[in-house]
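Structure file model_0.pdb (PDB, C-alpha atoms, pLDDT in the B column) is printed below.
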```
ATOM      1  CA  GLY A  28       4.773   9.378  62.045  1.00 63.00           C
ATOM      2  CA  GLN A  29       5.312  13.056  62.607  1.00 70.00           C
ATOM      3  CA  GLN A  30       4.330  15.367  59.810  1.00 84.00           C
ATOM      4  CA  VAL A  31       5.156  18.993  59.346  1.00 92.00           C
ATOM      5  CA  MET A  32       3.583  21.417  56.883  1.00 96.00           C
ATOM      6  CA  GLN A  33       5.760  24.173  55.499  1.00 97.00           C
ATOM      7  CA  ILE A  34       4.514  27.310  53.771  1.00 97.00           C
ATOM      8  CA  PRO A  35       4.813  28.997  51.408  1.00 97.00           C
ATOM      9  CA  GLN A  36       6.102  26.617  48.757  1.00 96.00           C
ATOM     10  CA  TYR A  37       7.627  29.462  46.756  1.00 97.00           C
ATOM     11  CA  GLN A  38       8.611  33.026  47.594  1.00 97.00           C
ATOM     12  CA  HIS A  39       9.929  35.615  45.193  1.00 97.00           C
ATOM     13  CA  VAL A  40      11.338  38.785  46.725  1.00 97.00           C
ATOM     14  CA  GLN A  41      13.284  41.818  45.636  1.00 98.00           C
ATOM     15  CA  GLU A  42      16.708  42.122  47.154  1.00 98.00           C
ATOM     16  CA  GLY A  43      16.380  43.990  50.420  1.00 98.00           C
ATOM     17  CA  GLU A  44      12.890  42.714  51.221  1.00 98.00           C
ATOM     18  CA  ASP A  45      12.213  40.449  54.167  1.00 98.00           C
ATOM     19  CA  PHE A  46      11.291  36.766  53.918  1.00 98.00           C
ATOM     20  CA  THR A  47       9.549  34.360  56.277  1.00 98.00           C
ATOM     21  CA  THR A  48       8.814  30.647  56.040  1.00 98.00           C
ATOM     22  CA  TYR A  49       6.632  28.762  58.479  1.00 98.00           C
ATOM     23  CA  CYS A  50       6.396  25.186  59.679  1.00 98.00           C
ATOM     24  CA  ASN A  51       3.357  23.811  61.441  1.00 97.00           C
ATOM     25  CA  SER A  52       2.617  20.514  63.124  1.00 94.00           C
ATOM     26  CA  SER A  53      -0.563  19.101  64.623  1.00 91.00           C
ATOM     27  CA  THR A  54       1.462  17.453  67.380  1.00 91.00           C
ATOM     28  CA  THR A  55       3.940  18.775  69.912  1.00 93.00           C
ATOM     29  CA  LEU A  56       7.484  18.613  68.631  1.00 92.00           C
ATOM     30  CA  SER A  57      10.489  17.623  70.701  1.00 90.00           C
ATOM     31  CA  ASN A  58      12.760  19.723  68.518  1.00 91.00           C
ATOM     32  CA  ILE A  59      12.937  21.386  65.141  1.00 94.00           C
ATOM     33  CA  GLN A  60      15.867  21.994  62.859  1.00 95.00           C
ATOM     34  CA  TRP A  61      16.326  24.278  59.877  1.00 97.00           C
ATOM     35  CA  TYR A  62      18.392  23.549  56.788  1.00 98.00           C
ATOM     36  CA  LYS A  63      19.274  25.472  53.648  1.00 98.00           C
ATOM     37  CA  GLN A  64      19.897  23.859  50.279  1.00 98.00           C
ATOM     38  CA  ARG A  65      21.427  25.961  47.530  1.00 97.00           C
ATOM     39  CA  PRO A  66      20.480  25.123  43.930  1.00 95.00           C
ATOM     40  CA  GLY A  67      22.418  22.011  42.922  1.00 94.00           C
ATOM     41  CA  GLY A  68      23.720  21.564  46.447  1.00 96.00           C
ATOM     42  CA  HIS A  69      22.949  19.578  49.533  1.00 97.00           C
ATOM     43  CA  PRO A  70      21.123  20.568  52.732  1.00 97.00           C
ATOM     44  CA  VAL A  71      23.239  22.504  55.202  1.00 97.00           C
ATOM     45  CA  PHE A  72      22.318  22.639  58.877  1.00 95.00           C
ATOM     46  CA  LEU A  73      21.390  26.095  60.128  1.00 97.00           C
ATOM     47  CA  ILE A  74      20.054  25.682  63.636  1.00 95.00           C
ATOM     48  CA  GLN A  75      18.169  23.511  66.117  1.00 93.00           C
ATOM     49  CA  LEU A  76      15.440  24.728  68.455  1.00 95.00           C
ATOM     50  CA  VAL A  77      14.334  22.672  71.452  1.00 92.00           C
ATOM     51  CA  LYS A  78      12.743  25.010  73.997  1.00 95.00           C
ATOM     52  CA  SER A  79       9.223  26.406  74.016  1.00 96.00           C
ATOM     53  CA  GLY A  80       9.216  30.027  72.812  1.00 97.00           C
ATOM     54  CA  GLU A  81      12.881  29.869  71.862  1.00 97.00           C
ATOM     55  CA  VAL A  82      14.247  32.609  69.609  1.00 98.00           C
ATOM     56  CA  LYS A  83      17.686  32.406  68.053  1.00 98.00           C
ATOM     57  CA  LYS A  84      19.424  34.801  65.708  1.00 98.00           C
ATOM     58  CA  GLN A  85      22.185  34.308  63.186  1.00 97.00           C
ATOM     59  CA  LYS A  86      23.064  37.652  61.617  1.00 97.00           C
ATOM     60  CA  ARG A  87      20.032  38.458  59.422  1.00 98.00           C
ATOM     61  CA  LEU A  88      18.259  35.162  60.211  1.00 98.00           C
ATOM     62  CA  THR A  89      15.825  34.837  63.119  1.00 98.00           C
ATOM     63  CA  PHE A  90      14.444  31.465  64.149  1.00 98.00           C
ATOM     64  CA  GLN A  91      11.468  30.981  66.457  1.00 98.00           C
ATOM     65  CA  PHE A  92       9.886  27.977  68.134  1.00 97.00           C
ATOM     66  CA  GLY A  93       6.275  28.393  69.179  1.00 97.00           C
ATOM     67  CA  GLU A  94       5.149  28.411  72.782  1.00 95.00           C
ATOM     68  CA  ALA A  95       3.206  25.194  72.235  1.00 95.00           C
ATOM     69  CA  LYS A  96       6.139  23.675  70.287  1.00 95.00           C
ATOM     70  CA  LYS A  97       3.854  23.037  67.333  1.00 96.00           C
ATOM     71  CA  ASN A  98       5.175  25.665  64.961  1.00 97.00           C
ATOM     72  CA  SER A  99       8.352  27.397  63.967  1.00 98.00           C
ATOM     73  CA  SER A 100       9.447  30.168  61.657  1.00 98.00           C
ATOM     74  CA  LEU A 101      12.546  31.401  59.895  1.00 98.00           C
ATOM     75  CA  HIS A 102      12.727  35.100  59.087  1.00 98.00           C
ATOM     76  CA  ILE A 103      15.378  36.706  56.930  1.00 98.00           C
ATOM     77  CA  THR A 104      15.778  40.457  57.156  1.00 98.00           C
ATOM     78  CA  ALA A 105      16.875  42.419  54.086  1.00 98.00           C
ATOM     79  CA  THR A 106      17.419  39.476  51.758  1.00 98.00           C
ATOM     80  CA  GLN A 107      20.512  39.244  49.589  1.00 98.00           C
ATOM     81  CA  THR A 108      21.100  37.267  46.406  1.00 97.00           C
ATOM     82  CA  THR A 109      23.210  34.852  48.448  1.00 97.00           C
ATOM     83  CA  ASP A 110      20.060  33.854  50.369  1.00 98.00           C
ATOM     84  CA  VAL A 111      18.677  32.071  47.291  1.00 98.00           C
ATOM     85  CA  GLY A 112      17.861  28.423  47.893  1.00 98.00           C
ATOM     86  CA  THR A 113      15.376  26.090  49.513  1.00 98.00           C
ATOM     87  CA  TYR A 114      14.796  26.339  53.220  1.00 98.00           C
ATOM     88  CA  PHE A 115      13.618  23.225  55.020  1.00 98.00           C
ATOM     89  CA  CYS A 116      12.396  22.629  58.502  1.00 97.00           C
ATOM     90  CA  ALA A 117      12.943  19.155  59.884  1.00 95.00           C
ATOM     91  CA  VAL A 118      11.702  17.433  62.997  1.00 93.00           C
ATOM     92  CA  GLY A 119      13.502  14.715  64.845  1.00 85.00           C
ATOM     93  CA  SER A 120      11.981  11.548  66.159  1.00 73.00           C
ATOM     94  CA  GLY A 121      11.385  11.550  69.876  1.00 65.00           C
ATOM     95  CA  THR A 122      13.507   8.431  70.183  1.00 64.00           C
ATOM     96  CA  SER A 123      16.253   9.265  67.751  1.00 65.00           C
ATOM     97  CA  TYR A 124      17.484  12.471  66.272  1.00 66.00           C
ATOM     98  CA  GLY A 125      18.967  10.537  63.393  1.00 79.00           C
ATOM     99  CA  LYS A 126      15.571  10.172  61.757  1.00 87.00           C
ATOM    100  CA  LEU A 127      14.445  13.532  60.441  1.00 91.00           C
ATOM    101  CA  THR A 128      11.086  14.281  58.863  1.00 93.00           C
ATOM    102  CA  PHE A 129      11.463  17.205  56.499  1.00 95.00           C
ATOM    103  CA  GLY A 130       8.923  19.804  55.507  1.00 96.00           C
ATOM    104  CA  GLN A 131       8.280  20.334  51.817  1.00 96.00           C
ATOM    105  CA  GLY A 132      10.627  23.309  51.768  1.00 97.00           C
ATOM    106  CA  THR A 133      10.248  26.928  50.695  1.00 98.00           C
ATOM    107  CA  ILE A 134      12.057  27.898  47.513  1.00 98.00           C
ATOM    108  CA  LEU A 135      13.342  31.449  47.849  1.00 98.00           C
ATOM    109  CA  THR A 136      14.200  33.507  44.789  1.00 98.00           C
ATOM    110  CA  VAL A 137      15.794  36.904  45.268  1.00 97.00           C
ATOM    111  CA  HIS A 138      15.665  39.367  42.391  1.00 95.00           C
ATOM    112  CA  PRO A 139      18.525  41.888  42.327  1.00 92.00           C
TER
ATOM    113  CA  LYS B  26      37.885  18.063  59.114  1.00 70.00           C
ATOM    114  CA  ALA B  27      36.895  16.521  55.845  1.00 83.00           C
ATOM    115  CA  GLY B  28      33.190  16.553  55.116  1.00 94.00           C
ATOM    116  CA  VAL B  29      30.885  13.699  54.272  1.00 97.00           C
ATOM    117  CA  THR B  30      31.855  12.036  51.017  1.00 98.00           C
ATOM    118  CA  GLN B  31      29.644   9.971  48.765  1.00 98.00           C
ATOM    119  CA  THR B  32      30.549   7.810  45.815  1.00 98.00           C
ATOM    120  CA  PRO B  33      29.755   7.677  43.034  1.00 98.00           C
ATOM    121  CA  ARG B  34      28.389  11.152  42.410  1.00 97.00           C
ATOM    122  CA  TYR B  35      26.412  10.142  39.343  1.00 97.00           C
ATOM    123  CA  LEU B  36      25.071   6.803  38.254  1.00 97.00           C
ATOM    124  CA  ILE B  37      22.933   5.567  35.396  1.00 98.00           C
ATOM    125  CA  LYS B  38      21.346   2.144  35.726  1.00 98.00           C
ATOM    126  CA  THR B  39      18.783   0.112  33.876  1.00 98.00           C
ATOM    127  CA  ARG B  40      15.491  -1.007  35.329  1.00 98.00           C
ATOM    128  CA  GLY B  41      15.871  -4.346  37.119  1.00 98.00           C
ATOM    129  CA  GLN B  42      19.535  -3.854  37.988  1.00 98.00           C
ATOM    130  CA  GLN B  43      20.853  -3.274  41.465  1.00 98.00           C
ATOM    131  CA  VAL B  44      23.061  -0.505  42.786  1.00 98.00           C
ATOM    132  CA  THR B  45      25.302   0.128  45.783  1.00 98.00           C
ATOM    133  CA  LEU B  46      26.041   3.620  47.033  1.00 98.00           C
ATOM    134  CA  SER B  47      28.781   4.467  49.479  1.00 98.00           C
ATOM    135  CA  CYS B  48      29.098   7.085  52.195  1.00 98.00           C
ATOM    136  CA  SER B  49      32.049   8.056  54.362  1.00 98.00           C
ATOM    137  CA  PRO B  50      31.001  10.127  57.372  1.00 97.00           C
ATOM    138  CA  ILE B  51      32.907  12.881  59.082  1.00 96.00           C
ATOM    139  CA  SER B  52      35.632  11.438  61.267  1.00 95.00           C
ATOM    140  CA  GLY B  53      34.254  10.660  64.706  1.00 92.00           C
ATOM    141  CA  HIS B  54      30.626  10.586  63.634  1.00 93.00           C
ATOM    142  CA  ARG B  55      28.968   7.261  64.360  1.00 90.00           C
ATOM    143  CA  SER B  56      25.453   8.047  63.137  1.00 92.00           C
ATOM    144  CA  VAL B  57      24.839   7.795  59.405  1.00 95.00           C
ATOM    145  CA  SER B  58      21.439   8.457  57.871  1.00 95.00           C
ATOM    146  CA  TRP B  59      20.264   8.084  54.292  1.00 97.00           C
ATOM    147  CA  TYR B  60      17.645  10.182  52.529  1.00 97.00           C
ATOM    148  CA  GLN B  61      16.030  10.117  49.131  1.00 98.00           C
ATOM    149  CA  GLN B  62      15.268  13.451  47.483  1.00 98.00           C
ATOM    150  CA  THR B  63      12.888  13.780  44.548  1.00 97.00           C
ATOM    151  CA  PRO B  64      11.007  16.783  43.151  1.00 93.00           C
ATOM    152  CA  GLY B  65       7.664  15.159  43.906  1.00 90.00           C
ATOM    153  CA  GLN B  66       8.221  13.646  47.345  1.00 92.00           C
ATOM    154  CA  GLY B  67      10.898  15.939  48.714  1.00 94.00           C
ATOM    155  CA  LEU B  68      13.382  14.656  51.273  1.00 96.00           C
ATOM    156  CA  GLN B  69      12.412  11.263  52.668  1.00 96.00           C
ATOM    157  CA  PHE B  70      14.205   9.312  55.364  1.00 95.00           C
ATOM    158  CA  LEU B  71      15.419   5.863  54.368  1.00 97.00           C
ATOM    159  CA  PHE B  72      17.322   4.550  57.400  1.00 94.00           C
ATOM    160  CA  GLU B  73      19.835   5.410  60.084  1.00 93.00           C
ATOM    161  CA  TYR B  74      22.772   3.403  61.333  1.00 94.00           C
ATOM    162  CA  PHE B  75      24.599   3.873  64.580  1.00 91.00           C
ATOM    163  CA  SER B  76      27.565   1.735  65.606  1.00 90.00           C
ATOM    164  CA  GLU B  77      26.829  -0.790  62.850  1.00 93.00           C
ATOM    165  CA  THR B  78      23.184  -1.220  63.937  1.00 93.00           C
ATOM    166  CA  GLN B  79      20.140  -0.001  62.084  1.00 93.00           C
ATOM    167  CA  ARG B  80      18.518   2.334  64.570  1.00 89.00           C
ATOM    168  CA  ASN B  81      15.653   3.707  62.492  1.00 88.00           C
ATOM    169  CA  LYS B  82      13.969   2.776  59.246  1.00 92.00           C
ATOM    170  CA  GLY B  83      11.707   4.777  56.960  1.00 93.00           C
ATOM    171  CA  ASN B  84       8.767   3.613  54.885  1.00 93.00           C
ATOM    172  CA  PHE B  85      10.561   2.195  51.903  1.00 96.00           C
ATOM    173  CA  PRO B  86      10.196  -1.284  50.401  1.00 96.00           C
ATOM    174  CA  GLY B  87      12.599  -4.058  51.275  1.00 96.00           C
ATOM    175  CA  ARG B  88      14.462  -3.460  48.004  1.00 97.00           C
ATOM    176  CA  PHE B  89      16.223  -0.676  49.889  1.00 98.00           C
ATOM    177  CA  SER B  90      18.776  -1.900  52.376  1.00 97.00           C
ATOM    178  CA  GLY B  91      21.884  -0.636  54.034  1.00 97.00           C
ATOM    179  CA  ARG B  92      24.701  -1.442  56.360  1.00 97.00           C
ATOM    180  CA  GLN B  93      27.392   0.229  58.354  1.00 97.00           C
ATOM    181  CA  PHE B  94      30.927  -0.943  58.862  1.00 96.00           C
ATOM    182  CA  SER B  95      33.103  -0.773  61.969  1.00 95.00           C
ATOM    183  CA  ASN B  96      34.801   2.377  60.640  1.00 93.00           C
ATOM    184  CA  SER B  97      31.326   4.011  60.387  1.00 94.00           C
ATOM    185  CA  ARG B  98      31.358   3.995  56.601  1.00 97.00           C
ATOM    186  CA  SER B  99      27.968   3.062  55.234  1.00 98.00           C
ATOM    187  CA  GLU B 100      26.535   1.596  52.081  1.00 98.00           C
ATOM    188  CA  MET B 101      23.019   1.456  50.782  1.00 98.00           C
ATOM    189  CA  ASN B 102      21.801  -1.009  48.217  1.00 98.00           C
ATOM    190  CA  VAL B 103      18.783  -0.869  45.982  1.00 98.00           C
ATOM    191  CA  SER B 104      17.832  -4.084  44.222  1.00 96.00           C
ATOM    192  CA  THR B 105      15.541  -4.564  41.240  1.00 97.00           C
ATOM    193  CA  LEU B 106      15.640  -0.903  40.302  1.00 98.00           C
ATOM    194  CA  GLU B 107      12.460   0.820  39.169  1.00 98.00           C
ATOM    195  CA  LEU B 108      12.098   4.036  37.196  1.00 97.00           C
ATOM    196  CA  GLY B 109      10.710   5.712  40.313  1.00 97.00           C
ATOM    197  CA  ASP B 110      13.976   5.105  42.149  1.00 98.00           C
ATOM    198  CA  SER B 111      15.594   7.883  40.127  1.00 98.00           C
ATOM    199  CA  ALA B 112      16.544  10.439  42.738  1.00 98.00           C
ATOM    200  CA  LEU B 113      19.283  12.198  44.612  1.00 98.00           C
ATOM    201  CA  TYR B 114      20.417   9.948  47.457  1.00 98.00           C
ATOM    202  CA  LEU B 115      21.856  11.877  50.344  1.00 98.00           C
ATOM    203  CA  CYS B 116      23.900  10.573  53.197  1.00 97.00           C
ATOM    204  CA  ALA B 117      24.206  12.526  56.421  1.00 97.00           C
ATOM    205  CA  SER B 118      26.420  11.934  59.412  1.00 95.00           C
ATOM    206  CA  SER B 119      26.098  13.171  62.943  1.00 92.00           C
ATOM    207  CA  PHE B 120      28.037  12.961  66.193  1.00 87.00           C
ATOM    208  CA  THR B 121      24.987  13.015  68.436  1.00 76.00           C
ATOM    209  CA  GLY B 122      22.306  12.124  65.916  1.00 65.00           C
ATOM    210  CA  ALA B 123      21.038  15.708  66.133  1.00 75.00           C
ATOM    211  CA  GLU B 124      22.404  18.142  63.552  1.00 87.00           C
ATOM    212  CA  GLN B 125      23.057  16.328  60.339  1.00 92.00           C
ATOM    213  CA  TYR B 126      25.970  16.993  58.006  1.00 95.00           C
ATOM    214  CA  PHE B 127      25.009  16.054  54.503  1.00 97.00           C
ATOM    215  CA  GLY B 128      27.222  14.798  51.725  1.00 98.00           C
ATOM    216  CA  PRO B 129      26.941  16.010  48.128  1.00 97.00           C
ATOM    217  CA  GLY B 130      24.695  13.113  47.207  1.00 98.00           C
ATOM    218  CA  THR B 131      24.602  10.483  44.498  1.00 98.00           C
ATOM    219  CA  ARG B 132      22.399  11.302  41.539  1.00 98.00           C
ATOM    220  CA  LEU B 133      20.851   8.005  40.382  1.00 98.00           C
ATOM    221  CA  THR B 134      19.071   7.802  37.057  1.00 98.00           C
ATOM    222  CA  VAL B 135      17.166   4.634  36.206  1.00 98.00           C
ATOM    223  CA  THR B 136      16.322   4.105  32.534  1.00 97.00           C
TER
END
```

Translate the structure of the given file into structure tokens.
Amino acid sequence: GQQVMQIPQYQHVQEGEDFTTYCNSSTTLSNIQWYKQRPGGHPVFLIQLVKSGEVKKQKRLTFQFGEAKKNSSLHITATQTTDVGTYFCAVGSGTSYGKLTFGQGTILTVHP
Amino acid sequence: KAGVTQTPRYLIKTRGQQVTLSCSPISGHRSVSWYQQTPGQGLQFLFEYFSETQRNKGNFPGRFSGRQFSNSRSEMNVSTLELGDSALYLCASSFTGAEQYFGPGTRLTVT
């Protein structure tokens, strides 16, 4: 099945610093989704990318899908304490979106 | 709209017992997926149901099973529980099968 590697596993930043997490696959992806899970919470959908080279922004969050559709990144500008949590990328099966393969996640800690 | 609900929220079972977890999707969503989350293995896909049919299945032993009812509510069952089944079990519903809306999960502890 599809596998996706996510790095880094942990990231500690000072409030106001930027943060980036990366997902990489050895195969071409049909789509990639990003989720955020707060401590003690459940994953919450952030965005889906489907087009080669796609860039989408949500306030301080910027999501990119690589030209070859084998990698993706999530960048947060000027982190805030509310950004704390685990960020996951997830890839859908080519035949069914309902089956998602998740990356290992990046745990973000923001120090005030 | 009400979100995805899961019951029970917490469960403690003994090794060898069986357990049934319930999930009510968002109204109008026909796709329901189940995931297991553990610190060691992360989020792993169990199975997906769409219109009462299992559409996808993950790499879990046959002790893990599920079903979906005509009102899209879903249950998953784990028989002959093992210590390694201790995990957070998450249900997610979707209208298209794309973006998933997760419930709060059921925290299962097997002793």

*Which residues come within 6 Å of segment 57-59 of chain B, counting all atoms listed in the file, excluding same-chain residues fewer than 3 positions away, as JSON, numbers by chain?*
{"B": [71, 72, 73, 74, 115, 116, 117, 118]}

Those same residues, written as a compact mmCIF listing (two decimals), in the coordinates of the input with C-alpha atoms?
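Output (again.txt):
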```txt
# COMPACT_ATOMS: atom_id res chain seq x y z
CA LEU B 71 15.42 5.86 54.37
CA PHE B 72 17.32 4.55 57.40
CA GLU B 73 19.84 5.41 60.08
CA TYR B 74 22.77 3.40 61.33
CA LEU B 115 21.86 11.88 50.34
CA CYS B 116 23.90 10.57 53.20
CA ALA B 117 24.21 12.53 56.42
CA SER B 118 26.42 11.93 59.41
```

*Explicit residue set for the ChimeraX specification (/A :<8) & /B, as a VMD selection string*: chain B and resid 56 to 58 67 to 70 72 to 73 80 to 82 115 119 121 to 130

_Nearest to Gln79 of chain B, chosen from B:Arg55, B:Gln66, B:Lys26, B:Gln61, with only C-alpha atoms counted in the distances_ =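 That would be B:Arg55, the residue with the smallest distance to Gln79 of chain B.
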
*asked:* One number please: atom CA of Asn51 of chain A to atom CA of Gln91 of chain A, in Å, one decimal.
replied: 11.9 Å

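The closest residue to Glu81 of chain A, picked from A:Pro66, A:Gly93, A:Pro35, A:Pro139 and counting only C-alpha atoms, is A:Gly93.
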
*Atom pair atom CA of Thr63 of chain B / atom CA of Ser76 of chain B: separation (Å)*: 28.4 Å

*What does the distance from atom CA of Glu107 of chain B to atom CA of Gly83 of chain B come to in Å, to one decimal?*
18.2 Å

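For the file shown, the residue list from the PyMOL selection byres ((chain B and resi 51) around 8) reads Lys26, Ala27, Gly28, Val29, Ser49, Pro50, Ser52, Gly53, His54, Ser118 and Ser119 of chain B.
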
What residues come out when you apply the PyMOL selection byres ((chain A and resi 82) around 10) to this file, written as a JSON list (two decimals) with C-alpha atoms, in the frame of the given file?
```
[["chain", "number", "residue", "atom", "x", "y", "z"],
["A", 76, "LEU", "CA", 15.44, 24.73, 68.46],
["A", 78, "LYS", "CA", 12.74, 25.01, 74.00],
["A", 79, "SER", "CA", 9.22, 26.41, 74.02],
["A", 80, "GLY", "CA", 9.22, 30.03, 72.81],
["A", 81, "GLU", "CA", 12.88, 29.87, 71.86],
["A", 83, "LYS", "CA", 17.69, 32.41, 68.05],
["A", 84, "LYS", "CA", 19.42, 34.80, 65.71],
["A", 89, "THR", "CA", 15.82, 34.84, 63.12],
["A", 90, "PHE", "CA", 14.44, 31.46, 64.15],
["A", 91, "GLN", "CA", 11.47, 30.98, 66.46],
["A", 92, "PHE", "CA", 9.89, 27.98, 68.13],
["A", 93, "GLY", "CA", 6.28, 28.39, 69.18],
["A", 99, "SER", "CA", 8.35, 27.40, 63.97],
["A", 100, "SER", "CA", 9.45, 30.17, 61.66],
["A", 101, "LEU", "CA", 12.55, 31.40, 59.90]]
```

_Can you tell me which residues surround Phe46 of chain A at a distance of at most 10 Å, considering only C-alpha atoms, apart from same-chain residues fewer than 5 positions away, and format the answer as an MDAnalysis selection string?_
chainID A and resid 38:41 88 101:106 110 135 137

Around segment 70-74 of chain A, fit a box with edges along x, y and z, padding it by 4 Å on each side, then list its centre and edge lengths in Å to one decimal as AutoDock Vina command-line options.
```
--center_x 21.6 --center_y 23.3 --center_z 58.2 --size_x 11.2 --size_y 13.5 --size_z 18.9
```

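Nearest residue to Leu133 of chain B among B:Ser95, B:Thr30, B:Phe120, B:Gly109 is B:Gly109, counting all atoms listed in the file.
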
Missing atoms in segment 92-106 of chain B should be modelled up to N, CA and C atoms and reported as a compact mmCIF listing (two decimals), keeping the file's coordinate frame.
```txt
# COMPACT_ATOMS: atom_id res chain seq x y z
N ARG B 92 23.88 -0.90 55.29
CA ARG B 92 24.70 -1.44 56.36
C ARG B 92 25.76 -0.42 56.74
N GLN B 93 26.33 -0.65 57.90
CA GLN B 93 27.39 0.23 58.35
C GLN B 93 28.55 -0.63 58.83
N PHE B 94 29.73 -0.19 58.51
CA PHE B 94 30.93 -0.94 58.86
C PHE B 94 31.53 -0.41 60.16
N SER B 95 32.51 -1.14 60.67
CA SER B 95 33.10 -0.77 61.97
C SER B 95 33.79 0.59 61.92
N ASN B 96 34.18 1.05 60.74
CA ASN B 96 34.80 2.38 60.64
C ASN B 96 33.75 3.46 60.37
N SER B 97 32.49 3.13 60.55
CA SER B 97 31.33 4.01 60.39
C SER B 97 30.96 4.28 58.93
N ARG B 98 31.76 3.86 58.00
CA ARG B 98 31.36 4.00 56.60
C ARG B 98 30.09 3.21 56.36
N SER B 99 29.26 3.71 55.45
CA SER B 99 27.97 3.06 55.23
C SER B 99 27.73 2.85 53.75
N GLU B 100 26.97 1.85 53.45
CA GLU B 100 26.54 1.60 52.08
C GLU B 100 25.03 1.41 52.08
N MET B 101 24.42 1.81 50.97
CA MET B 101 23.02 1.46 50.78
C MET B 101 22.89 0.74 49.44
N ASN B 102 22.00 -0.19 49.40
CA ASN B 102 21.80 -1.01 48.22
C ASN B 102 20.34 -0.94 47.80
N VAL B 103 20.14 -0.80 46.52
CA VAL B 103 18.78 -0.87 45.98
C VAL B 103 18.77 -1.98 44.95
N SER B 104 17.92 -2.97 45.17
CA SER B 104 17.83 -4.08 44.22
C SER B 104 16.63 -3.90 43.31
N THR B 105 16.64 -4.58 42.20
CA THR B 105 15.54 -4.56 41.24
C THR B 105 15.05 -3.13 41.01
N LEU B 106 15.92 -2.32 40.48
CA LEU B 106 15.64 -0.90 40.30
C LEU B 106 14.39 -0.65 39.47
```
